[in-house]
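J.: Got a structure for you, written out below as structure tokens; questions coming shortly.
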Amino acid sequence: MRHPPRSVLLAVTGAVALVGAALVPVVSASGATPACTVQYTVTSQWDTGFQGSVTITNNMAAVSSWSLGFDFGGGQKVTQGWSAKWSQSGTTVTATNESWNGSLATGASVSAGFLASWSGSNAVPTAFRLNGTTCNVDSEPTPTPTPTPTEPPTGGSAPALHVSGTKLVDAGGTAHRLLGVNRSGGEFMCVQGYGIWDGPVDDAAIKAIADWKADAIRIPLNEECWLGLSNVKPEYAGANYINAVKDLVARVESYGLTPILELHWSYGQYTGNSSGCSDVHATCQKPMPDAQYAPSFWSSVAGTFKDDQAAVFDLFNEPYPDRATSTATQAWQCWRDGGTCPGIGYEVAGMQDLVDSIRGAGARNVIMIGGLAYSNDLSQWLTYKPTDPAGNLVAAYHGYNFNTCASESCWNSTLAPVAAQVPLVAGEIGENTCSHAFVDQVMKWFDDRGLSYLGWTWNTWDCSSGPSLISDYSGTPTAYGVGLRDHLRAINP
């Protein structure tokens with residue numbers, strides 16, 4: 001939904017060159033395993049800056065926190081980073097773990113990325129230190145790690161989910177429908193500088209949703225806030241934002257509800273047909289996710305929640321490359337494959353790229369993928385369905401009374417064939433009438449086929465501009481929201 005409230009690729013068009021071969025080799029004079037190894041990679045470089053990553057492998061005793069140090073020799077300067085707390089003093093760079101990736105068992109690895117400036121030369125660092133021990137060379141595992149508190153296990157009482165045929169099922173094989181609400185705020189508050197959530201997300205607020213007999217909450221997110229990019233206030237970005245999301249997910253699951261984490265607003269400048277804003281930053285809905293940050297976002301989210309099979313991932317809110325391209329074939333190819341898409345000025349990450357990022361991080365979680373026309377068009381979803389080695393893909397549809405595909409005849413012709421082959425979830429349903437006649441029709445059609453749906457949105461906005469399900473966060477429904485509440489209570493007494 002386009003609700004109230006970047007590609008100048010780091011300001012150098014066409015200057016980025018992939019240089020992923022710039023790796024630091026592991027050196028061991030005697031052939032023994034080093035105490036730790038670090039692989040340093042320059043993933044892209046342009047005339048004033050570059051993007052890099054480090055992959056750390058701990059071969060010592062297990063640690064519950066880590067700090068990596070290395071020195072730049074060419075005047076480079078780290079400007080921002082993700083999956084670690086990055087700092088630099090003179091030439092010395094330090095990356096320390098986030099709260100969610102501090103534990104490193106013997107043989108375990110962790111990755112983090114950064115952006116940096118450079119001039120003159122971009123020499124690769126030659127020495128790395130993990131908790132004071134020199135890596136990539138023979139070394140005794142002598143340092144004593146500083147312990148950190150153990151985080152509570154994730155999962156709560158929410159069911160672990162996977163795809164079985166055309167159904168979502170729990171660990172015991174019982175079919176499970178996602179019936180609930182969207183909880184907007186995490187996509188816009190942080191980038192607008194007001195906070196992280198729009199309204200309360202405490203126990204009382206989640207209990208109010210559960211009291212509607214909902215079993216799922218879709219949580220829109222912002223990639224710049226998650227990655228802690230410099231245009232977002234630090235108090236609402238990076239570790240602070242990630243921890244807030246983790247806390248909310250844990251709270252949602254403790255009430256037995258499924259959290260659906262969704263990339264809503266993203267980087268990339270688009271000023272073409274149906275543009276929501278001219279800003280390069282993640283301040284509105286873009287036609288497609290960007291190749292610059294979206295894969296890193298999903299790799300990080302997946303790494304954070306890969307041990308929590310109750311969490312579901314929704315790749316991208318409402319793709320609309322069809323508004324930018326001249327043919328449906330171009331639009332669907334852009335949707336799946338990304339790259340240089342007609343009508344879109346930034347490099348696009350296709351849905352296959354994002355699936356690969358999630359699976360590459362080791363996560364097997366269920367993945368929802370919306371179609372074209374703001375996720376309203378699934379007509380060629382099966383033809384262009386990405387490949388998933390985990391077999392856990394779900395089609396996502398958004399339906400509002402003002403959309404093109406908003407009738408039973410359209411649902412029969414375009415949604416039913418999809419639902420006959422993969423699970424189908426209506427990630428957003430709603431109407432701008434301040435009533436519920438349309439969502440009643442949607443719910444009946446989806447109920448008759450055992451499918452899932454979530455109402456937009458659990459926020460106290462005006463129902464015609466939101467549309468909003470509630471008038472207060474104790475769960476008092478609007479004239480629109482009462483339809484969903486009463487229906488959920490009727491089918492889940």
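As shown in the structure tokens, the chain order sets the letters A, B, ...; within each chain, residues go from 1, and ligands are also counted from 1 in the order they appear.
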Considering only C-alpha atoms, return as a count of residues only whatever protein or nucleic-acid residues lie within 6 Å of range 182-189 of chain A, sequence-local ones (same chain, fewer than 5 positions apart) excluded.
T.: 15
J.: Give me the residues near Leu415 in chain A as an NGL selection string, where near means some atom within 7 Å (using only C-alpha atoms) and where sequence neighbours in that chain fewer than 4 positions away do not count.
T.: :A and (378 or 411 or 419)
J.: Those selected residues, please, written with C-alpha atoms and delivered as a compact mmCIF listing (two decimals), in the first residue's frame.
T.:
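Generated file (again-v2.txt):
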```txt
# COMPACT_ATOMS: atom_id res chain seq x y z
CA LEU A 378 0.10 -12.59 -10.68
CA TRP A 411 -9.30 -13.94 -9.03
CA ALA A 419 -2.99 -21.20 -5.84
```
J.: Of the candidates A:Cys410, A:Ala416, A:Met1, A:Ala302, which shows the shortest atom-to-atom distance to Asn317 in chain A, using only C-alpha atoms?
T.: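 With only C-alpha atoms as the atom set, the closest residue is A:Met1.
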J.: Contacts of range 354-362 of chain A at 10 Å or less, counting only C-alpha atoms, minus same-chain residues fewer than 3 places along, as a short mmCIF file (atom, residue, chain, number, x, y, z; two decimals) with C-alpha atoms, in the first residue's frame?
T.:
```
data_model
loop_
_atom_site.label_atom_id
_atom_site.label_comp_id
_atom_site.auth_asym_id
_atom_site.auth_seq_id
_atom_site.Cartn_x
_atom_site.Cartn_y
_atom_site.Cartn_z
CA VAL A 110 30.51 -14.40 10.32
CA SER A 111 30.45 -11.75 7.60
CA PRO A 289 14.53 -3.25 -5.12
CA ALA A 291 21.10 -4.01 -6.44
CA ALA A 294 18.71 -4.82 -1.10
CA PRO A 295 20.77 -8.05 -1.35
CA SER A 296 22.81 -6.95 1.67
CA PHE A 297 19.62 -6.14 3.54
CA TRP A 298 18.17 -9.59 2.92
CA SER A 299 21.45 -11.35 3.64
CA SER A 300 21.57 -9.59 7.01
CA VAL A 301 17.89 -10.17 7.84
CA ALA A 302 18.23 -13.81 6.84
CA GLY A 303 21.35 -14.23 8.92
CA THR A 304 19.54 -12.73 11.89
CA PHE A 305 16.48 -14.98 11.69
CA LYS A 306 17.77 -18.13 9.97
CA ASP A 307 17.42 -20.16 13.16
CA PHE A 313 10.22 -13.21 4.66
CA LEU A 315 10.86 -9.97 -0.51
CA PHE A 316 9.52 -6.63 -1.71
CA ARG A 336 12.80 -12.01 -11.83
CA ASP A 337 16.30 -11.23 -13.17
CA GLY A 338 16.93 -7.58 -12.27
CA ALA A 349 17.96 -6.60 -7.81
CA GLY A 350 15.58 -9.19 -9.21
CA MET A 351 13.56 -11.56 -7.08
CA ASN A 365 12.57 -19.63 5.94
CA ILE A 367 9.67 -16.53 1.30
CA MET A 368 6.69 -14.57 -0.03
CA ILE A 369 7.01 -12.86 -3.45
CA PRO A 386 12.42 -17.85 -9.13
CA THR A 387 14.36 -21.00 -8.35
CA ASP A 388 14.53 -21.91 -4.68
CA PRO A 389 16.69 -24.83 -3.49
CA ALA A 390 14.67 -24.92 -0.26
CA LEU A 393 8.30 -20.00 -2.05
#
```
J.: For Glu253 in chain A, work out the shell of residues within 12 Å, counting only C-alpha atoms and skipping chain neighbours fewer than 6 positions away, then give it as a JSON list (two decimals) with all heavy atoms, in the first residue's frame.
T.:
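Output file out19.json follows:
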```json
[["chain", "number", "residue", "atom", "x", "y", "z"],
["A", 153, "PRO", "N", 16.08, -17.81, 23.47],
["A", 153, "PRO", "CA", 15.85, -18.50, 22.19],
["A", 153, "PRO", "C", 14.70, -17.86, 21.44],
["A", 153, "PRO", "O", 13.75, -17.35, 22.04],
["A", 153, "PRO", "CB", 15.50, -19.93, 22.62],
["A", 153, "PRO", "CG", 14.99, -19.79, 24.03],
["A", 153, "PRO", "CD", 15.78, -18.65, 24.62],
["A", 154, "THR", "N", 14.78, -17.88, 20.09],
["A", 154, "THR", "CA", 13.71, -17.33, 19.27],
["A", 154, "THR", "C", 12.68, -18.40, 19.00],
["A", 154, "THR", "O", 12.91, -19.58, 19.20],
["A", 154, "THR", "CB", 14.27, -16.81, 17.95],
["A", 154, "THR", "OG1", 14.93, -17.90, 17.27],
["A", 154, "THR", "CG2", 15.27, -15.70, 18.16],
["A", 155, "GLY", "N", 11.55, -17.98, 18.52],
["A", 155, "GLY", "CA", 10.53, -18.93, 18.12],
["A", 155, "GLY", "C", 9.27, -18.82, 18.93],
["A", 155, "GLY", "O", 8.18, -18.93, 18.40],
["A", 156, "GLY", "N", 9.37, -18.56, 20.27],
["A", 156, "GLY", "CA", 8.19, -18.44, 21.09],
["A", 156, "GLY", "C", 7.27, -19.62, 20.89],
["A", 156, "GLY", "O", 7.68, -20.76, 20.78],
["A", 157, "SER", "N", 5.98, -19.32, 20.85],
["A", 157, "SER", "CA", 5.00, -20.37, 20.61],
["A", 157, "SER", "C", 4.46, -20.34, 19.20],
["A", 157, "SER", "O", 3.51, -21.05, 18.87],
["A", 157, "SER", "CB", 3.84, -20.21, 21.61],
["A", 157, "SER", "OG", 3.24, -18.93, 21.47],
["A", 158, "ALA", "N", 5.02, -19.49, 18.35],
["A", 158, "ALA", "CA", 4.60, -19.44, 16.95],
["A", 158, "ALA", "C", 5.11, -20.67, 16.22],
["A", 158, "ALA", "O", 6.21, -21.16, 16.49],
["A", 158, "ALA", "CB", 5.12, -18.18, 16.28],
["A", 159, "PRO", "N", 4.33, -21.20, 15.28],
["A", 159, "PRO", "CA", 4.73, -22.44, 14.60],
["A", 159, "PRO", "C", 5.86, -22.23, 13.60],
["A", 159, "PRO", "O", 5.90, -21.22, 12.89],
["A", 159, "PRO", "CB", 3.45, -22.86, 13.87],
["A", 159, "PRO", "CG", 2.72, -21.57, 13.62],
["A", 159, "PRO", "CD", 3.01, -20.71, 14.82],
["A", 160, "ALA", "N", 6.79, -23.16, 13.55],
["A", 160, "ALA", "CA", 7.77, -23.20, 12.47],
["A", 160, "ALA", "C", 7.04, -23.62, 11.21],
["A", 160, "ALA", "O", 6.25, -24.56, 11.23],
["A", 160, "ALA", "CB", 8.89, -24.18, 12.80],
["A", 203, "ASP", "N", 3.59, -5.28, 24.85],
["A", 203, "ASP", "CA", 2.78, -6.48, 25.03],
["A", 203, "ASP", "C", 1.29, -6.19, 24.86],
["A", 203, "ASP", "O", 0.56, -6.97, 24.24],
["A", 203, "ASP", "CB", 3.04, -7.08, 26.43],
["A", 203, "ASP", "CG", 4.32, -7.87, 26.48],
["A", 203, "ASP", "OD1", 4.68, -8.47, 25.45],
["A", 203, "ASP", "OD2", 4.96, -7.91, 27.55],
["A", 206, "ILE", "N", 0.39, -5.90, 21.15],
["A", 206, "ILE", "CA", 0.37, -7.18, 20.43],
["A", 206, "ILE", "C", -0.78, -8.05, 20.92],
["A", 206, "ILE", "O", -1.45, -8.73, 20.14],
["A", 206, "ILE", "CB", 1.71, -7.91, 20.58],
["A", 206, "ILE", "CG1", 2.87, -7.00, 20.11],
["A", 206, "ILE", "CG2", 1.70, -9.21, 19.79],
["A", 206, "ILE", "CD1", 2.70, -6.45, 18.72],
["A", 207, "LYS", "N", -1.08, -7.99, 22.21],
["A", 207, "LYS", "CA", -2.21, -8.75, 22.74],
["A", 207, "LYS", "C", -3.52, -8.28, 22.11],
["A", 207, "LYS", "O", -4.41, -9.09, 21.84],
["A", 207, "LYS", "CB", -2.28, -8.61, 24.25],
["A", 207, "LYS", "CG", -3.41, -9.43, 24.89],
["A", 207, "LYS", "CD", -3.42, -9.29, 26.39],
["A", 207, "LYS", "CE", -4.51, -10.17, 27.01],
["A", 207, "LYS", "NZ", -5.87, -9.82, 26.53],
["A", 210, "ALA", "N", -3.78, -10.02, 18.90],
["A", 210, "ALA", "CA", -4.12, -11.43, 19.16],
["A", 210, "ALA", "C", -5.58, -11.58, 19.56],
["A", 210, "ALA", "O", -6.23, -12.57, 19.23],
["A", 210, "ALA", "CB", -3.20, -12.00, 20.23],
["A", 215, "ASP", "N", -3.48, -14.51, 13.60],
["A", 215, "ASP", "CA", -2.35, -15.40, 13.87],
["A", 215, "ASP", "C", -1.09, -14.98, 13.13],
["A", 215, "ASP", "O", -0.11, -15.73, 13.10],
["A", 215, "ASP", "CB", -2.70, -16.85, 13.54],
["A", 215, "ASP", "CG", -2.91, -17.12, 12.05],
["A", 215, "ASP", "OD1", -2.57, -16.25, 11.22],
["A", 215, "ASP", "OD2", -3.42, -18.21, 11.71],
["A", 216, "ALA", "N", -1.08, -13.76, 12.54],
["A", 216, "ALA", "CA", 0.09, -13.29, 11.80],
["A", 216, "ALA", "C", 0.11, -11.77, 11.78],
["A", 216, "ALA", "O", -0.95, -11.12, 11.78],
["A", 216, "ALA", "CB", 0.08, -13.83, 10.37],
["A", 217, "ILE", "N", 1.31, -11.20, 11.78],
["A", 217, "ILE", "CA", 1.50, -9.76, 11.66],
["A", 217, "ILE", "C", 2.59, -9.51, 10.63],
["A", 217, "ILE", "O", 3.71, -10.01, 10.76],
["A", 217, "ILE", "CB", 1.91, -9.10, 12.99],
["A", 217, "ILE", "CG1", 0.85, -9.36, 14.07],
["A", 217, "ILE", "CG2", 2.12, -7.60, 12.81],
["A", 217, "ILE", "CD1", 1.21, -8.78, 15.43],
["A", 246, "LYS", "N", 14.05, -7.20, 16.22],
["A", 246, "LYS", "CA", 14.19, -8.48, 16.91],
["A", 246, "LYS", "C", 13.27, -8.56, 18.13],
["A", 246, "LYS", "O", 12.62, -9.58, 18.37],
["A", 246, "LYS", "CB", 15.64, -8.70, 17.34],
["A", 246, "LYS", "CG", 16.60, -8.96, 16.20],
["A", 246, "LYS", "CD", 18.04, -9.02, 16.68],
["A", 246, "LYS", "CE", 18.26, -10.17, 17.63],
["A", 246, "LYS", "NZ", 19.66, -10.20, 18.14],
["A", 247, "ASP", "N", 13.20, -7.46, 18.87],
["A", 247, "ASP", "CA", 12.32, -7.44, 20.04],
["A", 247, "ASP", "C", 10.87, -7.61, 19.63],
["A", 247, "ASP", "O", 10.11, -8.34, 20.28],
["A", 247, "ASP", "CB", 12.50, -6.13, 20.81],
["A", 247, "ASP", "CG", 13.84, -6.04, 21.53],
["A", 247, "ASP", "OD1", 14.51, -7.09, 21.68],
["A", 247, "ASP", "OD2", 14.22, -4.93, 21.95],
["A", 259, "PRO", "N", 5.42, -13.69, 12.51],
["A", 259, "PRO", "CA", 5.92, -12.42, 12.01],
["A", 259, "PRO", "C", 6.33, -12.54, 10.55],
["A", 259, "PRO", "O", 7.03, -13.48, 10.17],
["A", 259, "PRO", "CB", 7.14, -12.14, 12.90],
["A", 259, "PRO", "CG", 7.66, -13.51, 13.23],
["A", 259, "PRO", "CD", 6.46, -14.44, 13.23],
["A", 260, "ILE", "N", 5.85, -11.62, 9.72],
["A", 260, "ILE", "CA", 6.23, -11.57, 8.31],
["A", 260, "ILE", "C", 7.08, -10.33, 8.11],
["A", 260, "ILE", "O", 6.58, -9.20, 8.22],
["A", 260, "ILE", "CB", 4.99, -11.53, 7.40],
["A", 260, "ILE", "CG1", 4.09, -12.74, 7.68],
["A", 260, "ILE", "CG2", 5.41, -11.50, 5.93],
["A", 260, "ILE", "CD1", 2.76, -12.69, 6.94],
["A", 308, "ASP", "N", 15.20, -19.21, 13.15],
["A", 308, "ASP", "CA", 13.82, -19.02, 13.59],
["A", 308, "ASP", "C", 12.88, -19.30, 12.43],
["A", 308, "ASP", "O", 12.54, -18.41, 11.66],
["A", 308, "ASP", "CB", 13.63, -17.59, 14.11],
["A", 308, "ASP", "CG", 12.21, -17.30, 14.56],
["A", 308, "ASP", "OD1", 11.41, -18.25, 14.63],
["A", 308, "ASP", "OD2", 11.91, -16.13, 14.84],
["A", 309, "GLN", "N", 12.46, -20.54, 12.29],
["A", 309, "GLN", "CA", 11.62, -20.92, 11.15],
["A", 309, "GLN", "C", 10.18, -20.43, 11.29],
["A", 309, "GLN", "O", 9.37, -20.62, 10.38],
["A", 309, "GLN", "CB", 11.63, -22.43, 10.98],
["A", 309, "GLN", "CG", 12.99, -23.00, 10.58],
["A", 309, "GLN", "CD", 13.48, -22.41, 9.26],
["A", 309, "GLN", "OE1", 12.84, -22.57, 8.23],
["A", 309, "GLN", "NE2", 14.62, -21.74, 9.30],
["A", 310, "ALA", "N", 9.87, -19.77, 12.40],
["A", 310, "ALA", "CA", 8.55, -19.16, 12.52],
["A", 310, "ALA", "C", 8.47, -17.86, 11.75],
["A", 310, "ALA", "O", 7.38, -17.42, 11.39],
["A", 310, "ALA", "CB", 8.21, -18.90, 14.00],
["A", 311, "ALA", "N", 9.60, -17.23, 11.48],
["A", 311, "ALA", "CA", 9.62, -15.96, 10.76],
["A", 311, "ALA", "C", 9.50, -16.21, 9.26],
["A", 311, "ALA", "O", 10.17, -17.07, 8.71],
["A", 311, "ALA", "CB", 10.91, -15.19, 11.08],
["A", 312, "VAL", "N", 8.64, -15.42, 8.61],
["A", 312, "VAL", "CA", 8.44, -15.49, 7.17],
["A", 312, "VAL", "C", 9.02, -14.23, 6.55],
["A", 312, "VAL", "O", 8.93, -13.14, 7.13],
["A", 312, "VAL", "CB", 6.94, -15.60, 6.84],
["A", 312, "VAL", "CG1", 6.68, -15.46, 5.34],
["A", 312, "VAL", "CG2", 6.39, -16.94, 7.36]]
```
J.: So which bits of range 288-394 of chain A end up alpha helix (DSSP H) when you DSSP the backbone, as number ranges by chain?
T.: A: 294-305, 328-337, 351-360, 372-375
J.: Which one of A:Lys85, A:Arg129, A:Lys444, A:Lys77 sits closest to Asn58 in chain A if you count only C-alpha atoms?
T.: A:Arg129
J.: Could you work out how far CA of Tyr453 in chain A lies from CA of Leu257 in chain A, giving the answer in Å with one decimal?
T.: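 Rounded to one decimal, the two atoms are 13.8 Å apart.
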